[in-house]
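S.K.: File structure_30.pdb follows (PDB, C-alpha atoms):
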MODEL        1
ATOM      1  CA  MET A   1       0.000   0.000   0.000
ATOM      2  CA  LYS A   2       2.813   2.378   0.811
ATOM      3  CA  LYS A   3       4.417   1.613  -2.574
ATOM      4  CA  VAL A   4       1.193   2.524  -4.379
ATOM      5  CA  PHE A   5       0.891   5.747  -2.328
ATOM      6  CA  PHE A   6       4.465   6.862  -3.165
ATOM      7  CA  SER A   7       3.948   5.998  -6.818
ATOM      8  CA  LEU A   8       0.864   8.259  -6.992
ATOM      9  CA  ILE A   9       2.715  11.128  -5.320
ATOM     10  CA  THR A  10       5.632  10.757  -7.724
ATOM     11  CA  ALA A  11       3.353  10.691 -10.768
ATOM     12  CA  THR A  12       1.454  13.767  -9.521
ATOM     13  CA  ALA A  13       4.698  15.716  -8.998
ATOM     14  CA  LEU A  14       5.991  14.857 -12.464
ATOM     15  CA  SER A  15       2.706  15.899 -14.069
ATOM     16  CA  SER A  16       2.744  19.236 -12.258
ATOM     17  CA  THR A  17       6.301  19.878 -13.380
ATOM     18  CA  LEU A  18       5.493  19.120 -17.046
ATOM     19  CA  PHE A  19       2.406  21.337 -17.104
ATOM     20  CA  ALA A  20       4.262  24.117 -15.341
ATOM     21  CA  GLY A  21       7.034  23.990 -17.953
ATOM     22  CA  LYS A  22       4.593  24.883 -20.697
ATOM     23  CA  ASN A  23       4.057  28.319 -19.201
ATOM     24  CA  VAL A  24       7.776  29.194 -18.905
ATOM     25  CA  ALA A  25       9.019  31.365 -21.772
ATOM     26  CA  PRO A  26      12.414  30.378 -23.202
ATOM     27  CA  ALA A  27      15.288  32.752 -22.559
ATOM     28  CA  TYR A  28      15.745  35.399 -25.365
ATOM     29  CA  ILE A  29      19.137  35.261 -27.031
ATOM     30  CA  PRO A  30      19.725  38.351 -29.206
ATOM     31  CA  SER A  31      21.147  37.691 -32.697
ATOM     32  CA  LEU A  32      24.470  39.299 -33.398
ATOM     33  CA  PRO A  33      24.693  41.484 -36.536
ATOM     34  CA  VAL A  34      26.709  40.002 -39.405
ATOM     35  CA  PRO A  35      29.346  42.506 -40.516
ATOM     36  CA  GLU A  36      28.974  43.571 -44.148
ATOM     37  CA  LYS A  37      31.884  43.233 -46.531
ATOM     38  CA  PRO A  38      33.307  46.634 -47.417
ATOM     39  CA  ALA A  39      32.499  47.678 -50.970
ATOM     40  CA  GLN A  40      35.482  47.524 -53.282
ATOM     41  CA  GLU A  41      36.366  50.913 -54.715
ATOM     42  CA  THR A  42      36.559  51.127 -58.496
ATOM     43  CA  LEU A  43      39.827  52.663 -59.552
ATOM     44  CA  PRO A  44      39.564  55.307 -62.273
ATOM     45  CA  PRO A  45      41.138  54.648 -65.689
ATOM     46  CA  LEU A  46      44.853  55.370 -65.922
ATOM     47  CA  GLY A  47      44.477  57.858 -68.761
ATOM     48  CA  LEU A  48      46.858  55.928 -71.020
ATOM     49  CA  TYR A  49      45.786  54.798 -74.481
ATOM     50  CA  ILE A  50      47.186  53.313 -77.686
ATOM     51  CA  GLY A  51      45.646  53.064 -81.132
ATOM     52  CA  GLY A  52      46.141  52.565 -84.819
ATOM     53  CA  GLY A  53      44.384  52.306 -88.140
ATOM     54  CA  LEU A  54      44.382  53.298 -91.803
ATOM     55  CA  THR A  55      45.459  56.557 -93.447
ATOM     56  CA  TYR A  56      44.727  58.309 -96.731
ATOM     57  CA  ALA A  57      47.027  61.208 -97.647
ATOM     58  CA  LYS A  58      46.965  63.787-100.409
ATOM     59  CA  SER A  59      49.924  66.069-100.998
ATOM     60  CA  GLU A  60      49.981  69.117-103.252
ATOM     61  CA  CYS A  61      52.701  71.506-104.355
ATOM     62  CA  GLN A  62      52.225  74.715-106.318
ATOM     63  CA  CYS A  63      55.540  76.294-107.194
ATOM     64  CA  ASP A  64      56.490  79.710-108.559
ATOM     65  CA  ASN A  65      58.874  78.104-111.039
ATOM     66  CA  SER A  66      58.940  74.692-112.667
ATOM     67  CA  VAL A  67      60.823  72.126-110.598
ATOM     68  CA  ARG A  68      61.784  68.513-111.084
ATOM     69  CA  PHE A  69      59.929  66.187-108.742
ATOM     70  CA  SER A  70      60.972  62.791-107.393
ATOM     71  CA  ASP A  71      59.086  60.924-110.134
ATOM     72  CA  GLY A  72      61.162  62.691-112.803
ATOM     73  CA  THR A  73      58.456  65.061-114.032
ATOM     74  CA  THR A  74      58.947  68.815-114.320
ATOM     75  CA  SER A  75      56.013  71.066-113.520
ATOM     76  CA  ARG A  76      54.819  73.932-111.390
ATOM     77  CA  VAL A  77      52.093  71.746-109.858
ATOM     78  CA  ASN A  78      52.341  68.203-108.576
ATOM     79  CA  THR A  79      49.937  66.148-106.493
ATOM     80  CA  GLY A  80      50.120  62.686-104.997
ATOM     81  CA  LYS A  81      47.783  60.264-103.259
ATOM     82  CA  SER A  82      48.912  57.487-100.963
ATOM     83  CA  TYR A  83      47.610  55.044 -98.367
ATOM     84  CA  GLY A  84      49.086  53.528 -95.271
ATOM     85  CA  ILE A  85      48.894  53.182 -91.511
ATOM     86  CA  ASN A  86      48.777  55.435 -88.477
ATOM     87  CA  LEU A  87      49.847  54.723 -84.907
ATOM     88  CA  ARG A  88      49.255  56.810 -81.814
ATOM     89  CA  ALA A  89      49.802  56.710 -78.057
ATOM     90  CA  GLY A  90      48.862  59.272 -75.465
ATOM     91  CA  TYR A  91      47.861  60.243 -71.976
ATOM     92  CA  ASP A  92      44.697  62.073 -70.905
ATOM     93  CA  PHE A  93      45.393  64.336 -67.932
ATOM     94  CA  SER A  94      41.640  64.885 -67.537
ATOM     95  CA  GLU A  95      38.473  64.694 -69.615
ATOM     96  CA  TYR A  96      39.451  68.036 -71.178
ATOM     97  CA  VAL A  97      43.111  67.810 -72.178
ATOM     98  CA  GLY A  98      45.761  65.259 -73.032
ATOM     99  CA  ILE A  99      49.016  64.788 -74.893
ATOM    100  CA  GLU A 100      49.642  62.471 -77.827
ATOM    101  CA  GLY A 101      52.515  61.165 -79.935
ATOM    102  CA  ARG A 102      51.802  59.803 -83.394
ATOM    103  CA  TYR A 103      53.353  58.270 -86.476
ATOM    104  CA  LEU A 104      51.982  57.742 -89.969
ATOM    105  CA  TYR A 105      53.409  56.097 -93.061
ATOM    106  CA  THR A 106      51.768  55.787 -96.486
ATOM    107  CA  PRO A 107      53.811  53.441 -98.707
ATOM    108  CA  TRP A 108      50.968  52.468-101.071
ATOM    109  CA  GLY A 109      49.259  54.399-103.844
ATOM    110  CA  ASP A 110      50.760  56.584-106.596
ATOM    111  CA  LYS A 111      54.375  55.795-107.382
ATOM    112  CA  ASP A 112      56.874  57.734-105.287
ATOM    113  CA  LYS A 113      54.127  59.467-103.309
ATOM    114  CA  THR A 114      55.088  58.258 -99.842
ATOM    115  CA  LEU A 115      54.317  60.464 -96.855
ATOM    116  CA  LYS A 116      55.914  59.916 -93.453
ATOM    117  CA  HIS A 117      55.227  61.920 -90.311
ATOM    118  CA  TYR A 118      56.263  61.972 -86.630
ATOM    119  CA  GLY A 119      54.610  64.399 -84.249
ATOM    120  CA  LEU A 120      53.850  65.354 -80.653
ATOM    121  CA  TYR A 121      50.530  67.058 -79.967
ATOM    122  CA  LEU A 122      48.567  68.821 -77.272
ATOM    123  CA  LYS A 123      45.041  67.412 -77.379
ATOM    124  CA  PRO A 124      42.157  69.569 -76.073
ATOM    125  CA  MET A 125      38.861  67.653 -76.046
ATOM    126  CA  ALA A 126      35.208  67.840 -75.052
ATOM    127  CA  ALA A 127      32.368  65.364 -74.607
ATOM    128  CA  VAL A 128      29.418  65.706 -77.000
ATOM    129  CA  THR A 129      27.507  62.758 -75.496
ATOM    130  CA  ASP A 130      28.303  60.041 -72.964
ATOM    131  CA  ASN A 131      30.009  58.084 -75.756
ATOM    132  CA  ILE A 132      31.278  60.681 -78.250
ATOM    133  CA  ASP A 133      34.259  62.989 -77.738
ATOM    134  CA  VAL A 134      35.575  65.601 -80.149
ATOM    135  CA  TYR A 135      39.175  66.770 -79.977
ATOM    136  CA  GLY A 136      41.747  69.045 -81.540
ATOM    137  CA  LEU A 137      45.430  68.465 -82.247
ATOM    138  CA  LEU A 138      48.017  71.227 -81.895
ATOM    139  CA  GLY A 139      51.632  70.218 -82.128
ATOM    140  CA  TYR A 140      54.995  69.992 -83.770
ATOM    141  CA  GLY A 141      56.350  67.330 -86.065
ATOM    142  CA  LYS A 142      58.574  66.247 -88.902
ATOM    143  CA  THR A 143      57.127  65.293 -92.272
ATOM    144  CA  ASP A 144      58.928  63.568 -95.135
ATOM    145  CA  CYS A 145      57.047  64.120 -98.385
ATOM    146  CA  GLU A 146      58.557  62.008-101.152
ATOM    147  CA  THR A 147      56.264  63.477-103.778
ATOM    148  CA  LEU A 148      57.764  66.912-103.232
ATOM    149  CA  SER A 149      61.288  65.834-102.302
ATOM    150  CA  GLU A 150      60.732  67.743 -99.073
ATOM    151  CA  SER A 151      61.441  67.118 -95.407
ATOM    152  CA  GLN A 152      60.023  69.763 -93.122
ATOM    153  CA  LYS A 153      59.659  70.386 -89.393
ATOM    154  CA  GLY A 154      57.067  72.675 -87.943
ATOM    155  CA  PHE A 155      53.528  73.286 -86.719
ATOM    156  CA  ALA A 156      50.886  70.628 -87.345
ATOM    157  CA  TRP A 157      47.200  70.453 -86.450
ATOM    158  CA  GLY A 158      44.125  68.307 -86.767
ATOM    159  CA  LEU A 159      40.512  67.658 -85.734
ATOM    160  CA  GLY A 160      38.845  64.393 -84.823
ATOM    161  CA  ALA A 161      36.088  62.512 -83.021
ATOM    162  CA  GLU A 162      36.064  59.265 -81.061
ATOM    163  CA  TYR A 163      33.182  56.978 -80.152
ATOM    164  CA  GLN A 164      33.602  55.034 -76.906
ATOM    165  CA  LEU A 165      32.330  51.449 -76.987
ATOM    166  CA  SER A 166      32.657  51.109 -73.203
ATOM    167  CA  LYS A 167      31.040  53.228 -70.512
ATOM    168  CA  LYS A 168      33.197  56.037 -69.132
ATOM    169  CA  GLU A 169      34.332  55.900 -65.529
ATOM    170  CA  GLN A 170      34.525  59.142 -63.551
ATOM    171  CA  GLY A 171      34.327  61.061 -66.816
ATOM    172  CA  THR A 172      37.355  59.319 -68.309
ATOM    173  CA  SER A 173      37.393  56.899 -71.257
ATOM    174  CA  ASN A 174      37.933  53.241 -70.549
ATOM    175  CA  GLY A 175      38.114  50.267 -72.911
ATOM    176  CA  TRP A 176      37.750  50.318 -76.690
ATOM    177  CA  GLY A 177      36.908  53.226 -78.964
ATOM    178  CA  VAL A 178      36.851  54.013 -82.691
ATOM    179  CA  TYR A 179      38.045  57.318 -84.136
ATOM    180  CA  ALA A 180      38.135  59.352 -87.347
ATOM    181  CA  GLU A 181      40.058  62.559 -88.002
ATOM    182  CA  TYR A 182      41.509  65.065 -90.415
ATOM    183  CA  SER A 183      44.991  66.520 -89.987
ATOM    184  CA  ARG A 184      47.472  68.729 -91.782
ATOM    185  CA  PRO A 185      50.972  67.644 -90.717
ATOM    186  CA  LEU A 186      52.795  69.857 -93.236
ATOM    187  CA  LYS A 187      52.109  73.245 -94.761
ATOM    188  CA  LYS A 188      54.710  75.529 -96.264
ATOM    189  CA  SER A 189      54.457  78.883 -97.999
ATOM    190  CA  GLY A 190      57.029  80.566-100.207
ATOM    191  CA  ASP A 191      58.476  79.555-103.549
ATOM    192  CA  ARG A 192      56.742  76.209-102.952
ATOM    193  CA  ASN A 193      53.243  76.255-101.501
ATOM    194  CA  ILE A 194      52.991  72.794 -99.971
ATOM    195  CA  LYS A 195      49.892  71.268 -98.409
ATOM    196  CA  THR A 196      49.342  67.777 -97.050
ATOM    197  CA  ASN A 197      45.823  66.621 -96.205
ATOM    198  CA  VAL A 198      45.546  63.441 -94.162
ATOM    199  CA  PHE A 199      42.431  61.432 -93.261
ATOM    200  CA  THR A 200      42.737  58.647 -90.723
ATOM    201  CA  SER A 201      40.464  56.179 -88.942
ATOM    202  CA  GLY A 202      41.127  53.365 -86.516
ATOM    203  CA  VAL A 203      40.606  51.853 -83.075
ATOM    204  CA  ALA A 204      42.061  52.778 -79.685
ATOM    205  CA  TYR A 205      42.212  51.102 -76.305
ATOM    206  CA  HIS A 206      42.106  53.195 -73.123
ATOM    207  CA  PHE A 207      43.670  51.699 -69.988
TER
ENDMDL
END
Show me the file's structure as structure tokens.
M.R.:
Amino acid sequence: MKKVFFSLITATALSSTLFAGKNVAPAYIPSLPVPEKPAQETLPPLGLYIGGGLTYAKSECQCDNSVRFSDGTTSRVNTGKSYGINLRAGYDFSEYVGIEGRYLYTPWGDKDKTLKHYGLYLKPMAAVTDNIDVYGLLGYGKTDCETLSESQKGFAWGLGAEYQLSKKEQGTSNGWGVYAEYSRPLKKSGDRNIKTNVFTSGVAYHF
């Protein structure tokens, strides 16, 4: 009888403990914030670029007196057309100004009409749209004009436009672009009025 009595008391105590546990709220453990990874800063383009393409050149000489040209003809007027390549490399200090060195060589076309030019230019520029820039070229160079048997050093200039295939970063070009331009690397007045008109187009990569 005593065993039955103790068994009932034990069962009653266990039941009370179980029911009481249902009303006890679990302890609140606050969640710790997960630190966010710092955003990686995008470095601006370096400003360096290289490019190259095709060139068409036309040279013209109007002389006061008849002269013998490199092709053996004698005349007061001589013109030549030639085709070739152009190479350029430069650095943009900002979205408004840069500096550029360039080289062009036109070995194909009319016989003995080769034009060769080396130059260093200041390059002012401005954005027309988010993808199109226009620029000027003001510089100094050396031009060898085989048509006219002339090699001259002096002022050279040009105008051009470039279309950016990639989105600009912080206002500066980045990635690939295509360009087209007109330049006059050689002009001389005097007993020989010499003009060289050069049209170039090509691609450039901005680092």
S.K.: For this structure, which residues satisfy the selection - the PyMOL selection byres ((chain A and resi 154) around 8) - when it is evaluated on the file as given? I want them as an MDAnalysis selection string.
M.R.: chainID A and resid 140:142 152:153 155:156 186
S.K.: Quick one: residues within 6 Å of (38.4, 54.8, -66.2) (file frame), counting all atoms listed in the file, please, as a PDB file with C-alpha atoms, in the frame of the given file.
M.R.:
ATOM      1  CA  PRO A  44      39.564  55.307 -62.273  1.00  0.00           C
ATOM      2  CA  PRO A  45      41.138  54.648 -65.689  1.00  0.00           C
ATOM      3  CA  GLU A 169      34.332  55.900 -65.529  1.00  0.00           C
ATOM      4  CA  THR A 172      37.355  59.319 -68.309  1.00  0.00           C
ATOM      5  CA  SER A 173      37.393  56.899 -71.257  1.00  0.00           C
ATOM      6  CA  ASN A 174      37.933  53.241 -70.549  1.00  0.00           C
TER       7      ASN A 174
END
S.K.: Just how far from CA of Gly139 (chain A) is CA of Leu46 (chain A), in Å to one decimal?
M.R.: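 These atoms are spaced 23.0 Å apart.
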S.K.: Which one of A:Cys145, A:Glu36, A:Glu95, A:Ala127 sits closest to Asp112 (chain A) if you count all atoms listed in the file?
M.R.: A:Cys145
S.K.: Taking the file above as input, evaluate the PyMOL selection byres ((chain A and resi 202) around 12) and report the hits as a list in words.
M.R.: Ile50, Gly51, Gly52, Gly53, Leu54, Thr55, Tyr56, Gly84, Ile85, Asn86, Leu87, Arg88, Gly160, Ala161, Glu162, Tyr163, Trp176, Gly177, Val178, Tyr179, Ala180, Glu181, Phe199, Thr200, Ser201, Val203, Ala204 and Tyr205 of chain A
S.K.: Quote the spacing between CA of Pro185 (chain A) and CA of Asp130 (chain A) in Å to one decimal place.
M.R.: 29.8 Å
S.K.: May I ask which of the residues A:Asn131, A:Thr74, A:Ser166, A:Thr114 is the closest one to Ser151 (chain A), counting all atoms listed in the file?
M.R.: A:Thr114
S.K.: Quick one: distance from CA of Lys116 (chain A) to CA of Gly98 (chain A) in Å, one decimal?
M.R.: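 Separating CA of Lys116 (chain A) from CA of Gly98 (chain A) is a distance of 23.4 Å.
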S.K.: Could you tell me which residues the PyMOL selection byres ((chain A and resi 97) around 9) grabs in this file, written as an NGL selection string?
M.R.: :A and (91-96 or 98-99 or 122-126 or 135)
S.K.: Write out as a ChimeraX atom specification the residues lying within 10 Å of Asp110 (chain A), counting all atoms listed in the file and excluding same-chain residues fewer than 3 positions away.
M.R.: /A:79-83,107,113-114,147
S.K.: Which is closest to Gln164 (chain A) among A:Ala57, A:Leu115, A:Val134, A:Ala89, if we use all atoms listed in the file?
M.R.: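 Of the candidates, the smallest distance to Gln164 (chain A) is held by A:Val134.
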S.K.: Looking at all atoms listed in the file, which of A:Asp133, A:Lys111, A:Tyr121, A:Lys58 is the one that sits closest to Gly90 (chain A)?
M.R.: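 Checking each of A:Asp133, A:Lys111, A:Tyr121, A:Lys58 against Gly90 (chain A), counting all atoms listed in the file, the winner is A:Tyr121.
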S.K.: Dig up all the protein and nucleic acid residues within 6 Å of (46.9, 66.8, -84.5) in the file frame, using all atoms listed in the file, and format them as a list of chain:residue names.
M.R.: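 The answer, in the requested form, is A:Tyr121, A:Leu137, A:Leu138, A:Trp157, A:Gly158, A:Ser183.
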